[in-house]
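Coordinates from start.txt are shown below (compact mmCIF, C-alpha atoms (C1' of nucleotides)).
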```txt
# COMPACT_ATOMS: atom_id res chain seq x y z
CA MET Q 1 7.12 -30.27 9.96
CA ASN Q 2 4.38 -31.02 7.44
CA THR Q 3 0.95 -29.59 6.72
CA TYR Q 4 -0.94 -31.96 8.98
CA VAL Q 5 1.25 -31.24 11.99
CA THR Q 6 1.25 -27.47 11.55
CA HIS Q 7 -2.48 -27.45 10.93
CA GLY Q 8 -3.02 -29.46 14.10
CA ILE Q 9 -0.76 -27.24 16.17
CA ASN Q 10 -2.41 -24.08 14.91
CA LEU Q 11 -5.87 -25.44 15.56
CA LEU Q 12 -5.04 -26.55 19.09
CA ARG Q 13 -3.31 -23.27 19.88
CA SER Q 14 -6.24 -21.26 18.54
CA LYS Q 15 -8.52 -23.10 20.94
CA GLY Q 16 -6.29 -22.44 23.92
CA PHE Q 17 -4.69 -25.88 24.19
CA ARG Q 18 -1.04 -25.97 25.11
CA ILE Q 19 1.48 -27.07 22.54
CA THR Q 20 3.43 -29.72 24.42
CA THR Q 21 6.18 -31.87 23.01
CA ALA Q 22 4.04 -34.98 23.54
CA ARG Q 23 1.24 -33.54 21.41
CA GLN Q 24 3.65 -32.52 18.70
CA GLN Q 25 5.24 -35.97 18.68
CA VAL Q 26 1.87 -37.71 18.46
CA LEU Q 27 0.79 -35.46 15.61
CA ALA Q 28 4.06 -36.19 13.82
CA ILE Q 29 3.59 -39.94 14.13
CA LEU Q 30 0.00 -39.71 12.90
CA SER Q 31 1.17 -37.68 9.93
CA GLU Q 32 3.70 -40.37 8.99
CA THR Q 33 1.30 -43.30 9.21
CA GLU Q 34 -1.46 -44.39 6.83
CA ALA Q 35 -2.79 -47.29 8.90
CA PRO Q 36 -4.87 -46.72 12.03
CA LEU Q 37 -2.96 -46.71 15.31
CA SER Q 38 -3.90 -47.70 18.84
CA PRO Q 39 -2.52 -45.66 21.76
CA TYR Q 40 -0.02 -48.47 22.45
CA ASP Q 41 1.03 -48.48 18.79
CA VAL Q 42 1.98 -44.85 19.27
CA VAL Q 43 3.93 -45.63 22.44
CA ASP Q 44 5.88 -48.31 20.56
CA TYR Q 45 6.55 -45.98 17.64
CA MET Q 46 7.80 -43.34 19.99
CA SER Q 47 10.09 -45.64 21.93
CA GLU Q 48 11.67 -46.64 18.61
CA LYS Q 49 12.48 -42.97 18.22
CA ASN Q 50 13.72 -42.80 21.84
CA GLN Q 51 10.76 -40.63 22.75
CA LYS Q 52 9.40 -42.02 25.97
CA THR Q 53 5.70 -41.54 26.67
CA ASP Q 54 3.02 -43.17 28.70
CA ALA Q 55 0.02 -44.84 27.04
CA ILE Q 56 -2.27 -42.90 29.33
CA THR Q 57 -0.91 -39.68 27.93
CA VAL Q 58 -1.54 -40.88 24.39
CA TYR Q 59 -5.11 -41.75 25.34
CA ARG Q 60 -5.66 -38.23 26.59
CA ILE Q 61 -4.02 -36.68 23.55
CA PHE Q 62 -6.19 -38.84 21.28
CA ASP Q 63 -9.28 -37.64 23.15
CA CYS Q 64 -8.21 -34.09 22.58
CA LEU Q 65 -7.42 -34.62 18.90
CA GLU Q 66 -10.67 -36.44 18.28
CA GLN Q 67 -12.74 -33.69 19.88
CA ASN Q 68 -11.05 -31.23 17.59
CA GLY Q 69 -11.63 -33.27 14.45
CA LEU Q 70 -7.94 -34.05 13.91
CA ILE Q 71 -8.32 -37.81 14.07
CA HIS Q 72 -10.98 -40.40 13.25
CA ARG Q 73 -11.86 -43.19 15.63
CA ILE Q 74 -12.42 -46.49 13.84
CA LEU Q 75 -15.30 -48.24 15.55
CA SER Q 76 -14.51 -51.72 14.38
CA SER Q 77 -10.94 -51.70 15.68
CA GLY Q 78 -10.81 -48.94 18.29
CA LYS Q 79 -7.84 -47.42 16.50
CA PHE Q 80 -7.31 -43.92 15.16
CA VAL Q 81 -6.16 -42.29 11.93
CA LYS Q 82 -5.35 -38.73 11.05
CA CYS Q 83 -8.18 -36.77 9.57
CA ARG Q 84 -7.13 -34.53 6.75
CA ILE Q 85 -10.50 -33.18 5.73
CA GLU Q 86 -10.89 -30.07 7.81
CA ALA Q 87 -14.66 -29.75 7.74
CA HIS Q 88 -15.58 -32.75 9.83
CA THR Q 89 -19.27 -32.00 10.07
CA PRO Q 90 -21.63 -34.51 11.60
CA HIS Q 91 -24.50 -34.60 9.21
CA SER Q 92 -28.06 -35.53 8.50
CA GLN Q 93 -29.21 -37.17 5.32
CA GLN Q 94 -29.08 -33.91 3.45
CA GLN Q 95 -25.60 -32.70 4.25
CA CYS Q 96 -22.22 -33.33 2.79
CA CYS Q 97 -20.06 -35.60 4.87
CA HIS Q 98 -17.01 -37.75 4.91
CA HIS Q 99 -16.22 -41.28 5.91
CA ILE Q 100 -13.43 -43.82 5.98
CA ALA Q 101 -12.65 -46.77 3.78
CA ILE Q 102 -10.51 -49.44 5.45
CA CYS Q 103 -8.46 -52.05 3.61
CA ASP Q 104 -9.10 -55.41 5.24
CA GLY Q 105 -5.69 -56.62 4.08
CA CYS Q 106 -3.30 -54.07 5.55
CA GLY Q 107 -5.57 -51.73 7.49
CA THR Q 108 -4.71 -48.70 5.43
CA THR Q 109 -7.46 -46.11 5.24
CA ARG Q 110 -8.70 -43.58 2.73
CA GLU Q 111 -10.92 -40.66 3.49
CA ILE Q 112 -14.00 -40.17 1.36
CA HIS Q 113 -15.74 -36.91 0.78
CA CYS Q 114 -19.33 -37.88 0.14
CA HIS Q 115 -21.61 -35.24 -1.34
CA ALA Q 116 -24.43 -37.54 -2.41
CA PRO Q 117 -26.90 -38.03 0.41
CA ILE Q 118 -27.22 -41.54 1.74
CA HIS Q 119 -30.70 -42.69 0.89
CA ILE Q 120 -32.49 -44.13 3.88
CA PRO Q 121 -36.12 -45.26 3.77
CA PRO Q 122 -38.38 -43.56 6.33
CA ILE Q 123 -38.21 -45.26 9.71
CA PRO Q 124 -41.39 -45.54 11.77
CA ASP Q 125 -41.28 -43.47 14.96
CA MET Q 126 -37.72 -42.32 14.58
CA ILE Q 127 -35.95 -39.21 13.35
CA ILE Q 128 -32.46 -39.82 12.04
CA THR Q 129 -29.90 -37.23 13.13
CA GLY Q 130 -26.63 -38.80 12.08
CA HIS Q 131 -24.84 -41.97 11.19
CA ARG Q 132 -21.58 -43.87 11.40
CA LEU Q 133 -20.36 -45.50 8.22
CA GLU Q 134 -17.21 -47.53 7.70
CA LEU Q 135 -16.43 -48.94 4.29
CA ILE Q 136 -14.55 -52.20 4.06
CA GLY Q 137 -12.41 -52.76 0.98
CA ARG Q 138 -9.09 -53.80 -0.41
CA CYS Q 139 -6.34 -51.55 -1.66
CA THR Q 140 -4.45 -52.13 -4.89
CA SER Q 141 -1.34 -53.65 -3.36
CA CYS Q 142 -3.39 -56.04 -1.22
CA GLN Q 143 -5.44 -57.02 -4.26
CA GLU Q 144 -2.21 -58.09 -5.93
CA ARG Q 145 -0.78 -59.73 -2.86
CA PHE Q 146 -3.83 -61.88 -2.14
CA SER Q 147 -4.80 -62.79 -5.73
CA MET X 1 -42.89 -68.97 23.19
CA ASN X 2 -42.94 -66.34 20.46
CA THR X 3 -41.90 -66.25 16.82
CA TYR X 4 -38.38 -65.00 17.42
CA VAL X 5 -37.62 -67.72 19.95
CA THR X 6 -39.08 -70.56 17.91
CA HIS X 7 -37.38 -69.30 14.78
CA GLY X 8 -34.08 -69.16 16.60
CA ILE X 9 -34.47 -72.61 18.07
CA ASN X 10 -35.42 -74.11 14.73
CA LEU X 11 -32.51 -72.44 12.99
CA LEU X 12 -29.99 -73.60 15.59
CA ARG X 13 -31.38 -77.12 15.60
CA SER X 14 -31.28 -77.31 11.81
CA LYS X 15 -27.59 -76.45 11.92
CA GLY X 16 -26.83 -79.12 14.48
CA PHE X 17 -26.52 -76.88 17.53
CA ARG X 18 -27.94 -78.23 20.76
CA ILE X 19 -31.02 -76.64 22.26
CA THR X 20 -29.93 -75.99 25.81
CA THR X 21 -31.93 -74.21 28.45
CA ALA X 22 -29.36 -71.39 28.56
CA ARG X 23 -29.79 -70.75 24.84
CA GLN X 24 -33.54 -70.76 25.11
CA GLN X 25 -33.45 -68.36 28.04
CA VAL X 26 -31.14 -65.96 26.23
CA LEU X 27 -33.35 -66.04 23.14
CA ALA X 28 -36.39 -65.35 25.32
CA ILE X 29 -34.75 -62.34 26.94
CA LEU X 30 -33.67 -60.96 23.58
CA SER X 31 -37.21 -61.36 22.27
CA GLU X 32 -38.59 -59.34 25.20
CA THR X 33 -36.16 -56.45 24.88
CA GLU X 34 -36.02 -53.63 22.35
CA ALA X 35 -32.81 -52.01 23.59
CA PRO X 36 -29.40 -53.56 22.94
CA LEU X 37 -28.03 -55.76 25.71
CA SER X 38 -24.52 -56.53 26.88
CA PRO X 39 -23.71 -60.05 28.08
CA TYR X 40 -23.78 -58.77 31.67
CA ASP X 41 -27.16 -57.14 31.07
CA VAL X 42 -28.45 -60.59 30.17
CA VAL X 43 -26.94 -62.10 33.32
CA ASP X 44 -28.71 -59.43 35.41
CA TYR X 45 -32.01 -59.99 33.62
CA MET X 46 -31.75 -63.70 34.20
CA SER X 47 -30.93 -63.42 37.89
CA GLU X 48 -34.06 -61.28 38.28
CA LYS X 49 -35.93 -64.28 36.93
CA ASN X 50 -33.97 -66.59 39.24
CA GLN X 51 -32.19 -68.07 36.24
CA LYS X 52 -28.53 -68.26 37.15
CA THR X 53 -26.00 -68.10 34.32
CA ASP X 54 -22.42 -67.12 33.84
CA ALA X 55 -21.44 -64.13 31.73
CA ILE X 56 -18.96 -66.32 29.90
CA THR X 57 -21.79 -68.55 28.79
CA VAL X 58 -23.72 -65.56 27.51
CA TYR X 59 -20.67 -64.43 25.57
CA ARG X 60 -20.47 -67.81 23.89
CA ILE X 61 -24.19 -67.91 23.17
CA PHE X 62 -24.00 -64.42 21.68
CA ASP X 63 -21.15 -65.58 19.44
CA CYS X 64 -23.27 -68.46 18.26
CA LEU X 65 -26.35 -66.31 17.69
CA GLU X 66 -24.37 -63.66 15.84
CA GLN X 67 -22.78 -66.20 13.51
CA ASN X 68 -26.24 -67.46 12.69
CA GLY X 69 -27.66 -64.00 12.02
CA LEU X 70 -29.99 -64.05 15.02
CA ILE X 71 -28.52 -60.96 16.66
CA HIS X 72 -26.79 -57.76 15.58
CA ARG X 73 -23.66 -56.48 17.22
CA ILE X 74 -23.69 -52.73 17.73
CA LEU X 75 -20.21 -51.42 17.09
CA SER X 76 -20.53 -48.18 18.95
CA SER X 77 -21.62 -49.82 22.21
CA GLY X 78 -20.54 -53.46 21.99
CA LYS X 79 -24.08 -54.54 22.79
CA PHE X 80 -26.44 -56.83 20.91
CA VAL X 81 -30.05 -56.78 19.71
CA LYS X 82 -32.25 -59.44 18.22
CA CYS X 83 -32.30 -59.51 14.46
CA ARG X 84 -35.70 -60.14 12.99
CA ILE X 85 -34.88 -59.82 9.34
CA GLU X 86 -33.96 -63.31 8.27
CA ALA X 87 -31.88 -62.54 5.22
CA HIS X 88 -28.88 -60.95 6.86
CA THR X 89 -26.74 -60.69 3.76
CA PRO X 90 -23.48 -58.80 3.81
CA HIS X 91 -23.58 -56.75 0.70
CA SER X 92 -21.73 -54.68 -1.84
CA GLN X 93 -22.99 -51.38 -3.16
CA GLN X 94 -25.43 -53.10 -5.49
CA GLN X 95 -27.20 -55.44 -3.16
CA CYS X 96 -30.12 -55.13 -0.79
CA CYS X 97 -29.15 -54.96 2.84
CA HIS X 98 -30.28 -54.07 6.30
CA HIS X 99 -28.97 -51.90 9.06
CA ILE X 100 -29.82 -50.58 12.50
CA ALA X 101 -31.11 -47.26 13.71
CA ILE X 102 -30.31 -46.51 17.34
CA CYS X 103 -32.15 -43.98 19.48
CA ASP X 104 -29.56 -41.89 21.33
CA GLY X 105 -32.06 -41.22 24.09
CA CYS X 106 -33.10 -44.67 25.23
CA GLY X 107 -30.99 -46.99 23.11
CA THR X 108 -33.95 -48.62 21.41
CA THR X 109 -33.21 -49.90 17.93
CA ARG X 110 -35.12 -50.34 14.68
CA GLU X 111 -34.10 -52.54 11.82
CA ILE X 112 -34.06 -51.03 8.36
CA HIS X 113 -34.40 -52.93 5.17
CA CYS X 114 -32.51 -50.86 2.67
CA HIS X 115 -33.05 -51.63 -1.00
CA ALA X 116 -31.58 -48.44 -2.40
CA PRO X 117 -27.85 -48.80 -2.96
CA ILE X 118 -25.66 -46.51 -0.92
CA HIS X 119 -23.95 -44.18 -3.32
CA ILE X 120 -20.23 -43.99 -2.76
CA PRO X 121 -17.91 -42.00 -5.02
CA PRO X 122 -15.07 -43.98 -6.58
CA ILE X 123 -12.14 -44.36 -4.23
CA PRO X 124 -8.63 -44.24 -5.68
CA ASP X 125 -6.76 -47.55 -5.39
CA MET X 126 -9.45 -49.34 -3.41
CA ILE X 127 -12.24 -51.80 -4.15
CA ILE X 128 -15.13 -51.64 -1.71
CA THR X 129 -16.48 -55.02 -0.65
CA GLY X 130 -18.79 -54.14 2.23
CA HIS X 131 -19.65 -51.61 4.87
CA ARG X 132 -20.86 -51.08 8.40
CA LEU X 133 -23.57 -48.50 8.91
CA GLU X 134 -25.23 -47.44 12.12
CA LEU X 135 -27.89 -44.74 12.07
CA ILE X 136 -28.22 -42.47 15.07
CA GLY X 137 -31.64 -41.00 15.77
CA ARG X 138 -34.33 -40.29 18.30
CA CYS X 139 -37.53 -42.22 18.79
CA THR X 140 -40.94 -40.59 19.24
CA SER X 141 -41.12 -40.95 22.99
CA CYS X 142 -37.62 -39.56 23.46
CA GLN X 143 -38.44 -36.64 21.16
CA GLU X 144 -41.29 -35.76 23.51
CA ARG X 145 -39.31 -36.39 26.66
CA PHE X 146 -36.36 -34.21 25.69
CA SER X 147 -38.27 -31.37 24.00
C1' DA T 1 2.91 -17.82 39.03
C1' DT T 2 -0.77 -20.29 37.29
C1' DC T 3 -2.88 -24.01 35.65
C1' DA T 4 -3.11 -27.27 31.91
C1' DT T 5 -0.72 -31.36 31.00
C1' DT T 6 2.03 -35.31 31.98
C1' DG T 7 3.33 -39.74 34.07
C1' DC T 8 3.25 -43.25 37.53
C1' DA T 9 0.43 -46.56 40.17
C1' DA T 10 -3.38 -48.93 40.54
C1' DA T 11 -7.93 -50.00 39.74
C1' DC T 12 -11.43 -51.07 36.53
C1' DC T 13 -14.15 -53.24 32.90
C1' DG T 14 -15.17 -56.16 29.18
C1' DT T 15 -13.51 -60.22 27.19
C1' DT T 16 -10.90 -64.59 26.57
C1' DT T 17 -8.77 -69.09 27.84
C1' DG T 18 -8.29 -73.77 30.22
C1' DC T 19 -10.41 -77.39 32.08
C1' DA T 20 -13.58 -80.37 34.62
C1' DG T 21 -18.30 -81.66 34.83
C1' DC T 22 -22.92 -81.57 32.88
C1' DC T 23 -26.60 -82.41 29.65
C1' DT T 24 -28.42 -82.73 24.85
C1' DT T 25 -28.35 -85.81 21.24
C1' DA M 1 -22.08 -93.29 25.14
C1' DA M 2 -20.21 -89.34 22.90
C1' DG M 3 -19.18 -84.87 22.58
C1' DG M 4 -21.15 -80.24 22.48
C1' DC M 5 -22.07 -77.05 26.00
C1' DT M 6 -21.76 -74.93 30.51
C1' DG M 7 -19.61 -72.75 34.46
C1' DC M 8 -15.93 -71.77 37.60
C1' DA M 9 -11.29 -69.74 38.05
C1' DA M 10 -8.09 -67.04 36.45
C1' DA M 11 -5.69 -64.39 33.19
C1' DC M 12 -5.66 -60.88 29.79
C1' DG M 13 -5.75 -56.39 27.23
C1' DG M 14 -7.55 -52.04 26.73
C1' DT M 15 -9.11 -48.10 29.23
C1' DT M 16 -9.94 -45.06 33.23
C1' DT M 17 -9.03 -42.66 37.70
C1' DG M 18 -6.28 -40.20 41.48
C1' DC M 19 -2.62 -37.56 42.53
C1' DA M 20 1.88 -35.50 42.58
C1' DA M 21 5.32 -33.53 39.48
C1' DT M 22 6.24 -31.16 35.32
C1' DG M 23 6.17 -27.67 31.91
C1' DA M 24 3.64 -24.17 28.66
C1' DT M 25 1.61 -19.84 29.02
```

In structure tokens, how does this file's structure come out?
Amino acid sequence: MNTYVTHGINLLRSKGFRITTARQQVLAILSETEAPLSPYDVVDYMSEKNQKTDAITVYRIFDCLEQNGLIHRILSSGKFVKCRIEAHTPHSQQQCCHHIAICDGCGTTREIHCHAPIHIPPIPDMIITGHRLELIGRCTSCQERFS
Amino acid sequence: MNTYVTHGINLLRSKGFRITTARQQVLAILSETEAPLSPYDVVDYMSEKNQKTDAITVYRIFDCLEQNGLIHRILSSGKFVKCRIEAHTPHSQQQCCHHIAICDGCGTTREIHCHAPIHIPPIPDMIITGHRLELIGRCTSCQERFS
DNA sequence: ATCATTGCAAACCGTTTGCAGCCTT
DNA sequence: AAGGCTGCAAACGGTTTGCAATGAT
């Protein structure tokens, strides 16, 4: 039982969610995996461990975890990764924020804590309230593998 | 026949694509619409004009237009908008680029030409080669409507 | 005991594929 | 005339919904 799992369990419990075995198992799998996972990826992982679950259940657990800032949804792939930075604050141009960098070789992700504001030129007739940013890159091992 | 449509037609022709009526009709609809459209939205629009098309055809036309930088794909919704900025260059942190701002009230979009580099702190073990950025905001009329 | 959560079935939606026929070149 | 493009049919994968059974509190 690692930090991510216990943190997740405590957070969910504090908000009145029930600590079911399915939720604990999903948290455990997320904590063991660096690459983003789809709900069906999780089902496969779990069946390898002889833990039978339905994909629908994983969908609902992912919804719950996302709403509580425990996982990131990756727009470009529809998959999810654990979120280790507790303060997941949606932000304007002035606030501190964090984003995800995705390796286009292996899909591994890194979280980025970004204190510098993103500079955006004024937009006519529109007030900006937030943004979604995904960085595409290549991790060290993929740099070696593909060079 | 406006600038966007003629520009699109000329670009496609110059690359050896055929100028079919379906492609011209889709370009015309894109030029008339500020909000992002799904392929099925386009089919509906066209049937209102008594122009019958198949959604599959629109999908393929969208693919073609996207590859030629004539439309943007919006990750968060899977819809598309016309792209008026010709130089649609994927970019690193140093280059000039452009992105989309989306009104969360009505879905209208604005294109942003962004010359200032986006400042990203160094990421351990990863080289950043590109990024996807979508700005969320609220346009003037929606600010009034919802206030 | 209560009620949130799970799991099965089935529907749903957006998207893709194969192939014959059409239309631009 | 040639071959890119269209459109129908059908399949496909991911996601959602309804409802009864289960299990955490």

Using all atoms listed in the file, can you list as a PyMOL selection string the residues within 12 Å of (-12.7, -39.9, 39.6)?
(chain T and resi 11-12) or (chain M and resi 16-19)

Could you tell me which residues of chain M sit within 10 Å of chain Q when counting only C-alpha atoms (C1' of nucleotides), and give me the result as a PyMOL selection string?
chain M and resi 14-16+23-25

Sorted by chain and rising residue number, list the residues of chain T at most 8 Å from chain Q (counting all atoms listed in the file), each with its closest atom pair and distance in Å to one decimal, as a tab-separated table.
```
residue	atom	partner	partner_atom	distance
T:DA4	C1'	Q:Arg18	CA	7.2
T:DT5	C1'	Q:Thr20	CA	8.0
T:DT6	C1'	Q:Thr57	CA	6.6
T:DG7	C1'	Q:Asp54	CA	6.4
```

Please identify all residues of chain X having at least one atom at most 9 Å from any atom of chain Q, considering only C-alpha atoms, and return them as number ranges by chain.
X: 75-76, 101-103, 110-141, 143

At what distance in Å, to one decimal, does atom CA of Leu27 of chain X lie from atom CA of Gln51 of chain X?
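So the answer is 13.3 Å.
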